[in-house]
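A short write-up of the structure that comes next.
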Amino acid sequence: MLNVLYSLIIFPLVRIIELVFMTFERLFNPGIAILGVSAVVTACTLPLYLVAEKWQSIERETQKRLMPKMTKIKSIFKGDEQYMVLNTYYKQQHYHPIFALRNTFSLLLQIPFFIAAYSYLSHLELLQGEAFFFIHDLGVPDGLLPVLGNSINILPILMTAINIVTGAIYTRGFPLKEKVQLYGMALIFLVLLYNSPAALVLYWTMNNLFSLAKNVLRYIPHGKKIVYAILCAAALYIDYYTLFIFHKRSIVKHVLVVIASSTVFFIPLFLAAAKKLQQRFAGIKAGSESNVTQGSLFLLTIGNIFLLLGIVIPIALISSSVQEFSYIENHASPFYFVWNIALQAAGYFLLWPITIYALFSNKTKNALTAVLSAALFVCLINVYIFSGDYGFFTTTLTFSNPTFKIGVLKTILEVLSLFAAIIACVYLFFFKKKILLTIHSILFIGLFGFSLLKIVSTGIDFNAYAKIHTQTTALSKVFDFSHTAKNVLVIMLDRAKAGYVPAMFAEKPELYDAFSGFIWYPNCASFGTNTIFGAPPLFGGYEYVPKELALDTGAPLVQRHNEALLVMPRIFSEHGFTTTVTDPSWANYSYRPDLSFYKNYPEIKAENIIGRYTESWIWDHKDANILSTSLFLRDNLLRFSFFRASPEFFRSAIYDNAEWMVDIGSAASVPLLTLDEYAALDSLPSITDISDSSNPTFTLMVNQLTHEPAIFSLPDYTPQGQNLDKGGDKDYHVNMAAFLLLKNYFNFLKANGVYDNTRIVIVADHGDGDGKAALNPLLMFKDFDTTGSLVTDNAFMTNADTPILATAGLIENPVNPWTQKPLAAVKSNGITATTSDLWTPEYHGKNNFKIKGSEWLYIDDTNNWKKVEK
């Protein structure tokens with residue numbers, strides 16, 4: 001029962017708090033994110049508190065009016081007689097004692113929001129070790145005042161002081177009973193939160209501070225104008241910071257943040273327009289309709305939204321692959337997820353809307369119904385007309401082909417369609433409400449009927465599957481190696497740090513045996529600090545360094561990037577090598593590689609394997625308690641409904657490279673993106689086919705495990721369960737984990753007799769850290785039939801030497817197949833690299849990189865990396 005109440009009441013609030021927190025955290029830091037959550041929650045709940053205050057005021061006036069007579073009755077009558085006389089008096093005054101609960105309504109409002117904030121912030125891993133101004137660690141009690149060897153938490157005391165001051169201002173002229181109630185609650189919160197993490201106390205302190213500001217502004221001239229000015233100043237800062245300082249997200253997401261924050265500037269226009277609309281439509285059919293029709297339309301509207309997002313979309317997804325959602329941990333039936341998603345959706349779209357609807361006036365009810373009705377029309381168009389194609393959807397909430405590029409004309413068409421739907425809905429609402437009611441009734445019957453059919457078909461499919469169910473983890477082969485011919489293997493480890501190599505080999509001496517015959521080049525340079533700059537020269541050589549791609553040759557930048565990705569695969573495949581490429585970086589300038597251009601080269605096998613093996617890996621490692629897949633799906637699958645119901649041009653921001661605009665990885669002991677990469681590397685022996693083919697092979701694989709920091713379990717650096725010690729260097733952990741997995745793979749190749757006849761290049765697109773480290777990528781090389789312990793070679797190298805190392809001695813006079821120029825190492829006089837942090841294509845021009853003059857660095861061939869601005 002408690003779980004049901006939590007899903008209905010608290011769960012929607014937790015998810016809203018999470019969304020706001022992660023949005024601010026990604027822009028600023030966890031401390032600012034807490035302030036943002038407090039501000040947004042305060043703003044959203046302000047109308048509810050105003051209603052609560054209105055009810056409390058009515059109750060106070062009523063009590064004041066009734067009190068003389070009630071006192072007289074109590075002085076004259078006793079016992080049952082007093083009870084009967086009071087009840088009679090209440091009936092005469094149209095009053096019921098239960099109305100006294102109106103005095104506690106503001107308190108009742110605080111309870112669910114407090115529980116939601118406590119549920120989310122009290123155990124949030126992101127806060128652990130995070131400082132904010134004078135607070136040393138947001139994840140633990142502040143302990144700011146040391147006294148006799150103990151620490152006193154100052155924030156709860158400050159919170160209580162603000163609460164008391166707020167109460168003193170707010171309760172001026174109130175009865176003593178209400179003042180005592182407020183001061184008593186302040187002390188209760190002091191006790192409850194005294195030993196809570198500083199983040200939670202900071203959140204509640206800011207709530208009290210905003211409440212204090214609200215009460216003060218009510219009593220000073222031009223309070224509303226002051227609030228508007230403060231909001232505009234905050235919005236201006238957010239816009240400036242997002243556009244000109246912060247560059248960690250795509251430009252599309254930055255624009256969305258700017259649009260959202262800039263709506264503050266138009267608040268006066270919105271209010272004026274709302275007032276004019278209210279005057280314009282006052283007295284016409286919307287106002288003359290009966291309350292029964294109004295209420296029926298509202299209930300049908302939220303009922304349809306609930307059916308669409310809470311049942312229809314989830315059951316359609318689950319029914320498309322019943323087996324995938326069956327027999328997950330202790331839950332055999334997929335209906336476990338159907339029930340829980342429906343329950344959560346009931347909280348979002350039924351309970352809270354009905355609560356809000358019941359609290360407000362008829363005018364507000366009218367507006368709320370119109371807005372929700374228009375939202376339903378928009379959702380239906382997005383779901384059934386602009387549905388998009390993103391490939392299959394996995395139980396780790398990732399798409400197999402998340403390509404979100406849509407043309408300008410399609411975007412315009414969708415915007416016009418949505419606008420037309422909103423206008424039509426508003427017209428029907430104000431002029432043809434009965435027609436709108438009929439449409440909603442038909443929609444309800446249709447959605448309800450579709451839900452029933454899908455539920456029945458899902459049940460039939462599940463029953464059929466249950467009879468034959470067996471768990472299998474067999475993996476199909478991806479990579480080819482030959483016993484008799486030459487094999488070339490190029491492994492790009494995104495952001496692998498060269499500086500970790502000595503420490504890793506010292507900690508794990510067994511790496512020396514596994515990496516026998518390898519040369520390590522510590523004096524290796526990259527051409528940029530991000531993949532968009534470092535990957536093209538790695539794949540294509542020196543013709544694709546940033547300095548060249550910053551020139552406008554007339555060819556689109558994406559085309560030149562794709563050409564770089566194809567240089568080695570084309571060279572080898574055109575010389576008879578069986579060629580395989582997996583997960584090429586930024587293919588077709590899509591974060592999830594878009595492999596469509598490889599279709600023009602059928603001799604090249606190109607696949608995306610990252611994320612493909614995560615589910616089976618989790619199943620095979622159930623004892624490690626990495627992730628409760630059932631809980632993960634239960635708590636997050638509703639996001640898919642929001643994704644489907646949103647406009648197509650907005651879905652990329654919601655999907656957020658499989659992060660879904662929230663800390664979705666918190667459900668696992670390691671981030672899911674890290675687990676995707678780990679599972680792919682760990683699966684290499686199972687997906688490698690070794691044969692006696694006479695054809696030589698070329699394999700180019702990309703893995704980003706070294707790019708996704710996480711803490712693994714020592715001493716084996718493997719993902720483990722929730723009780724994992726969170727100390728340690730996350731970057732070191734993932735680099736070590738990658739090397740240990742490669743150790744296993746190389747031992748597999750040795751055991752199958754193909755290590756000696758395989759040339760291996762392990763290389764990174766860039767390094768990580770400050771200064772030299774960011775431009776110092778990993779580069780290791782093993783040639784055919786080489787043995788012996790790891791050799792260190794301090795020769796000046798770059799990751800653009802990769803095609804030369806891969807082809808040397810195998811391809812006579814190798815040339816770039818696009819330009820017919822010989823592959824050559826253009827570094828005798830040093831190289832020019834960039835420190836630009838514009839890491840996504842959106843920041844650059846159509847035909848060339850946009851790099852400032854101050855962002856070019858010259859790296860000389862010395863161990864000291866003499867850098868001179870150019």
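Labeling convention for the structure tokens: chains A, B, ... as they appear, residues from 1 per chain, ligands from 1 in order of appearance.
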
What's the 7 Å shell around range 797-807 of chain A, counting only C-alpha atoms, without same-chain residues fewer than 3 positions away, as a PDB file with C-alpha atoms, in the first residue's frame?
ATOM      1  CA  VAL A 488      45.711  -6.107 -38.439  1.00  0.00           C
ATOM      2  CA  ASN A 523      55.942  11.096 -26.342  1.00  0.00           C
ATOM      3  CA  CYS A 524      52.796  10.970 -28.466  1.00  0.00           C
ATOM      4  CA  ALA A 525      50.736  14.032 -29.340  1.00  0.00           C
ATOM      5  CA  SER A 526      47.144  14.487 -30.339  1.00  0.00           C
ATOM      6  CA  PRO A 537      43.816  12.273 -38.088  1.00  0.00           C
ATOM      7  CA  LEU A 538      43.828   9.016 -36.128  1.00  0.00           C
ATOM      8  CA  PHE A 539      41.649   7.337 -38.761  1.00  0.00           C
ATOM      9  CA  GLY A 540      42.790   9.185 -41.870  1.00  0.00           C
ATOM     10  CA  GLY A 541      46.271  10.527 -41.245  1.00  0.00           C
ATOM     11  CA  TYR A 542      47.832  13.966 -41.519  1.00  0.00           C
ATOM     12  CA  MET A 568      42.053   2.636 -43.555  1.00  0.00           C
ATOM     13  CA  VAL A 763      45.634   4.391 -29.733  1.00  0.00           C
ATOM     14  CA  ASP A 765      42.061  10.192 -30.025  1.00  0.00           C
ATOM     15  CA  LEU A 779      49.834   4.933 -28.422  1.00  0.00           C
ATOM     16  CA  LEU A 810      51.573  -4.817 -45.946  1.00  0.00           C
ATOM     17  CA  ILE A 811      50.375  -2.268 -48.471  1.00  0.00           C
ATOM     18  CA  LEU A 823      50.333   8.343 -46.413  1.00  0.00           C
ATOM     19  CA  ALA A 825      54.154  11.489 -41.384  1.00  0.00           C
TER      20      ALA A 825
END

Running DSSP on the backbone, which parts of range 86-270 of chain A land in helix (DSSP H, G or I), as a PyMOL selection string? chain A and resi 86-92+97-121+125-127+154-170+176-193+198-217+223-245+251-270

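Computed from the coordinates, the CA of Leu368 in chain A to CA of Ile356 in chain A distance equals 9.1 Å.
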
Nearest to Val415 in chain A, chosen from A:Asn208, A:Gln344, A:Asn487, A:Ser646, with only C-alpha atoms counted in the distances: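 Residue with the minimum atom-to-atom distance to Val415 in chain A: A:Ser646.
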
Give me the residues within 9 Å of range 446-456 of chain A as a CSV table (one decimal) with N, CA, C and O atoms, in the first residue's frame, counting only C-alpha atoms and dropping any in the same chain fewer than 5 places off.
chain,number,residue,atom,x,y,z
A,304,ASN,N,-7.6,10.6,-21.1
A,304,ASN,CA,-7.0,10.3,-22.4
A,304,ASN,C,-5.5,10.4,-22.3
A,304,ASN,O,-4.7,9.6,-22.8
A,307,LEU,N,-4.2,7.4,-20.4
A,307,LEU,CA,-4.2,6.2,-21.2
A,307,LEU,C,-3.1,6.2,-22.3
A,307,LEU,O,-2.4,5.2,-22.5
A,308,LEU,N,-2.9,7.4,-22.9
A,308,LEU,CA,-1.9,7.5,-24.0
A,308,LEU,C,-0.5,7.3,-23.4
A,308,LEU,O,0.2,6.4,-23.9
A,311,ILE,N,-0.4,3.9,-20.5
A,311,ILE,CA,-0.7,2.6,-20.9
A,311,ILE,C,-0.5,2.3,-22.4
A,311,ILE,O,0.3,1.3,-22.7
A,312,VAL,N,-1.0,3.1,-23.3
A,312,VAL,CA,-0.9,2.8,-24.7
A,312,VAL,C,0.5,2.7,-25.2
A,312,VAL,O,1.0,1.7,-25.8
A,315,ILE,N,2.6,-0.2,-23.3
A,315,ILE,CA,2.1,-1.5,-23.6
A,315,ILE,C,2.5,-1.8,-25.1
A,315,ILE,O,2.8,-3.0,-25.5
A,316,ALA,N,2.4,-0.8,-25.9
A,316,ALA,CA,2.8,-1.0,-27.3
A,316,ALA,C,4.3,-1.4,-27.4
A,316,ALA,O,4.7,-2.2,-28.2
A,319,SER,N,4.7,-5.0,-25.9
A,319,SER,CA,4.1,-6.0,-26.7
A,319,SER,C,4.9,-6.2,-28.0
A,319,SER,O,4.8,-7.3,-28.6
A,335,PHE,N,3.8,-7.8,-17.1
A,335,PHE,CA,2.7,-6.9,-16.6
A,335,PHE,C,3.2,-6.3,-15.3
A,335,PHE,O,2.5,-5.3,-14.8
A,338,VAL,N,3.9,-3.0,-16.7
A,338,VAL,CA,2.7,-2.3,-17.1
A,338,VAL,C,2.0,-1.7,-15.9
A,338,VAL,O,1.6,-0.5,-16.0
A,441,SER,N,-14.5,11.8,-26.0
A,441,SER,CA,-15.2,10.6,-25.7
A,441,SER,C,-14.8,9.4,-26.6
A,441,SER,O,-14.5,8.3,-26.2
A,461,ASP,N,1.1,-13.7,-25.9
A,461,ASP,CA,2.5,-13.9,-26.2
A,461,ASP,C,3.4,-14.4,-25.1
A,461,ASP,O,4.3,-15.2,-25.2

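You can rank A:Glu18, A:Ser38, A:Ile9, A:Pro602 by their closest distance to Met661 in chain A using only C-alpha atoms, and at the top of that list sits A:Glu18.
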
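Every residue of range 419-629 of chain A found in strand (DSSP E) when DSSP is run on the backbone appears here: Phe479, Asp480, Phe481, Ser482, Asn487, Val488, Leu489, Val490, Ile491, Met492, Leu493, Phe518, Ile519, Trp520, Cys524, Ala525, Thr578, Thr579, Thr580, Val581, Thr582, Ile604, Lys605, Ala606 and Glu607 of chain A.
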
With N, CA and C atoms retained, could you export that selection as a PDB file, in the first residue's frame?
ATOM      1  N   PHE A 479      33.933 -10.148 -35.299  1.00  0.00           N
ATOM      2  CA  PHE A 479      35.297  -9.948 -35.791  1.00  0.00           C
ATOM      3  C   PHE A 479      35.869 -11.243 -36.367  1.00  0.00           C
ATOM      4  N   ASP A 480      36.684 -11.095 -37.411  1.00  0.00           N
ATOM      5  CA  ASP A 480      37.294 -12.231 -38.097  1.00  0.00           C
ATOM      6  C   ASP A 480      38.816 -12.185 -37.968  1.00  0.00           C
ATOM      7  N   PHE A 481      39.390 -13.333 -37.621  1.00  0.00           N
ATOM      8  CA  PHE A 481      40.843 -13.476 -37.590  1.00  0.00           C
ATOM      9  C   PHE A 481      41.212 -14.762 -38.328  1.00  0.00           C
ATOM     10  N   SER A 482      42.393 -14.755 -38.921  1.00  0.00           N
ATOM     11  CA  SER A 482      42.851 -15.918 -39.680  1.00  0.00           C
ATOM     12  C   SER A 482      44.079 -16.548 -39.008  1.00  0.00           C
ATOM     13  N   ASN A 487      46.787 -10.558 -39.826  1.00  0.00           N
ATOM     14  CA  ASN A 487      45.658  -9.827 -39.233  1.00  0.00           C
ATOM     15  C   ASN A 487      46.168  -8.481 -38.722  1.00  0.00           C
ATOM     16  N   VAL A 488      45.385  -7.445 -38.956  1.00  0.00           N
ATOM     17  CA  VAL A 488      45.711  -6.107 -38.439  1.00  0.00           C
ATOM     18  C   VAL A 488      44.549  -5.668 -37.552  1.00  0.00           C
ATOM     19  N   LEU A 489      44.882  -5.295 -36.332  1.00  0.00           N
ATOM     20  CA  LEU A 489      43.870  -4.889 -35.356  1.00  0.00           C
ATOM     21  C   LEU A 489      44.200  -3.492 -34.842  1.00  0.00           C
ATOM     22  N   VAL A 490      43.316  -2.545 -35.076  1.00  0.00           N
ATOM     23  CA  VAL A 490      43.462  -1.175 -34.559  1.00  0.00           C
ATOM     24  C   VAL A 490      42.364  -0.955 -33.527  1.00  0.00           C
ATOM     25  N   ILE A 491      42.784  -0.643 -32.310  1.00  0.00           N
ATOM     26  CA  ILE A 491      41.833  -0.413 -31.217  1.00  0.00           C
ATOM     27  C   ILE A 491      41.964   1.032 -30.766  1.00  0.00           C
ATOM     28  N   MET A 492      40.885   1.805 -30.953  1.00  0.00           N
ATOM     29  CA  MET A 492      40.880   3.171 -30.436  1.00  0.00           C
ATOM     30  C   MET A 492      40.176   3.180 -29.093  1.00  0.00           C
ATOM     31  N   LEU A 493      40.912   3.550 -28.043  1.00  0.00           N
ATOM     32  CA  LEU A 493      40.346   3.733 -26.709  1.00  0.00           C
ATOM     33  C   LEU A 493      40.174   5.225 -26.473  1.00  0.00           C
ATOM     34  N   PHE A 518      54.910  -5.446 -27.367  1.00  0.00           N
ATOM     35  CA  PHE A 518      54.400  -4.086 -27.568  1.00  0.00           C
ATOM     36  C   PHE A 518      55.473  -3.033 -27.330  1.00  0.00           C
ATOM     37  N   ILE A 519      55.340  -1.940 -28.056  1.00  0.00           N
ATOM     38  CA  ILE A 519      56.128  -0.725 -27.846  1.00  0.00           C
ATOM     39  C   ILE A 519      55.166   0.354 -27.361  1.00  0.00           C
ATOM     40  N   TRP A 520      55.563   1.069 -26.322  1.00  0.00           N
ATOM     41  CA  TRP A 520      54.757   2.192 -25.833  1.00  0.00           C
ATOM     42  C   TRP A 520      55.455   3.498 -26.186  1.00  0.00           C
ATOM     43  N   CYS A 524      53.765  10.938 -27.363  1.00  0.00           N
ATOM     44  CA  CYS A 524      52.796  10.970 -28.466  1.00  0.00           C
ATOM     45  C   CYS A 524      51.871  12.171 -28.290  1.00  0.00           C
ATOM     46  N   ALA A 525      51.588  12.839 -29.386  1.00  0.00           N
ATOM     47  CA  ALA A 525      50.736  14.032 -29.340  1.00  0.00           C
ATOM     48  C   ALA A 525      49.450  13.791 -30.101  1.00  0.00           C
ATOM     49  N   THR A 578      39.721  -8.890 -45.385  1.00  0.00           N
ATOM     50  CA  THR A 578      38.379  -8.931 -44.809  1.00  0.00           C
ATOM     51  C   THR A 578      38.306  -7.834 -43.751  1.00  0.00           C
ATOM     52  N   THR A 579      37.433  -6.855 -43.943  1.00  0.00           N
ATOM     53  CA  THR A 579      37.480  -5.610 -43.162  1.00  0.00           C
ATOM     54  C   THR A 579      36.229  -5.443 -42.304  1.00  0.00           C
ATOM     55  N   THR A 580      36.469  -5.144 -41.028  1.00  0.00           N
ATOM     56  CA  THR A 580      35.378  -4.919 -40.075  1.00  0.00           C
ATOM     57  C   THR A 580      35.638  -3.628 -39.305  1.00  0.00           C
ATOM     58  N   VAL A 581      34.596  -2.815 -39.176  1.00  0.00           N
ATOM     59  CA  VAL A 581      34.669  -1.555 -38.429  1.00  0.00           C
ATOM     60  C   VAL A 581      33.518  -1.534 -37.427  1.00  0.00           C
ATOM     61  N   THR A 582      33.815  -1.154 -36.179  1.00  0.00           N
ATOM     62  CA  THR A 582      32.739  -1.050 -35.190  1.00  0.00           C
ATOM     63  C   THR A 582      32.799   0.292 -34.477  1.00  0.00           C
ATOM     64  N   ILE A 604      33.016  -3.636 -46.773  1.00  0.00           N
ATOM     65  CA  ILE A 604      33.372  -3.225 -45.411  1.00  0.00           C
ATOM     66  C   ILE A 604      32.188  -3.545 -44.495  1.00  0.00           C
ATOM     67  N   LYS A 605      32.422  -4.391 -43.499  1.00  0.00           N
ATOM     68  CA  LYS A 605      31.369  -4.699 -42.524  1.00  0.00           C
ATOM     69  C   LYS A 605      31.440  -3.663 -41.408  1.00  0.00           C
ATOM     70  N   ALA A 606      30.390  -2.881 -41.249  1.00  0.00           N
ATOM     71  CA  ALA A 606      30.346  -1.840 -40.226  1.00  0.00           C
ATOM     72  C   ALA A 606      29.174  -2.085 -39.292  1.00  0.00           C
ATOM     73  N   GLU A 607      29.449  -2.104 -37.999  1.00  0.00           N
ATOM     74  CA  GLU A 607      28.402  -2.349 -37.005  1.00  0.00           C
ATOM     75  C   GLU A 607      28.627  -1.472 -35.781  1.00  0.00           C
TER      76      GLU A 607
END

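The residue set within 8 Å of Asp676 in chain A, counting only C-alpha atoms and dropping same-chain residues fewer than 5 places from it, reads Ile610, Gly611, Arg612, Tyr613 and Thr614 of chain A.
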
Selected residues, N, CA and C atoms, written as an mmCIF file, in the first residue's frame, please.
data_model
loop_
_atom_site.group_PDB
_atom_site.id
_atom_site.type_symbol
_atom_site.label_atom_id
_atom_site.label_comp_id
_atom_site.auth_asym_id
_atom_site.auth_seq_id
_atom_site.Cartn_x
_atom_site.Cartn_y
_atom_site.Cartn_z
ATOM 1 N N ILE A 610 28.431 -1.223 -29.263
ATOM 2 C CA ILE A 610 28.375 -0.684 -27.905
ATOM 3 C C ILE A 610 26.927 -0.669 -27.427
ATOM 4 N N GLY A 611 26.685 -1.295 -26.299
ATOM 5 C CA GLY A 611 25.337 -1.398 -25.760
ATOM 6 C C GLY A 611 24.623 -2.675 -26.140
ATOM 7 N N ARG A 612 25.154 -3.385 -27.138
ATOM 8 C CA ARG A 612 24.502 -4.599 -27.619
ATOM 9 C C ARG A 612 24.581 -5.734 -26.604
ATOM 10 N N TYR A 613 25.634 -5.763 -25.829
ATOM 11 C CA TYR A 613 25.871 -6.918 -24.960
ATOM 12 C C TYR A 613 25.625 -6.632 -23.472
ATOM 13 N N THR A 614 25.154 -5.445 -23.170
ATOM 14 C CA THR A 614 25.008 -5.060 -21.770
ATOM 15 C C THR A 614 24.002 -5.940 -21.041
#

Of the listed residues A:Leu376, A:Asn757, A:Phe784, A:Leu5, that which approaches Leu443 in chain A most closely, counting only C-alpha atoms: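 Using only C-alpha atoms, the shortest distance to Leu443 in chain A belongs to A:Leu376.
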
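When only C-alpha atoms are used to measure the gap to Leu200 in chain A, the shortest distance among A:Val85, A:Ala33, A:Met185, A:Leu148 belongs to A:Ala33.
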
Fewer than 2 positions away in the same chain doesn't count, so skip those; otherwise give me all residues within 12 Å of Thr394 in chain A, counting only C-alpha atoms, as a VMD selection string. chain A and resid 317 to 318 320 to 325 390 to 392 396 to 402 611 to 616 629 633 637 640 658 676

In Å, how far is it from CA of Phe577 in chain A to CA of Lys599 in chain A?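 Here the two named atoms are 17.5 Å from each other.
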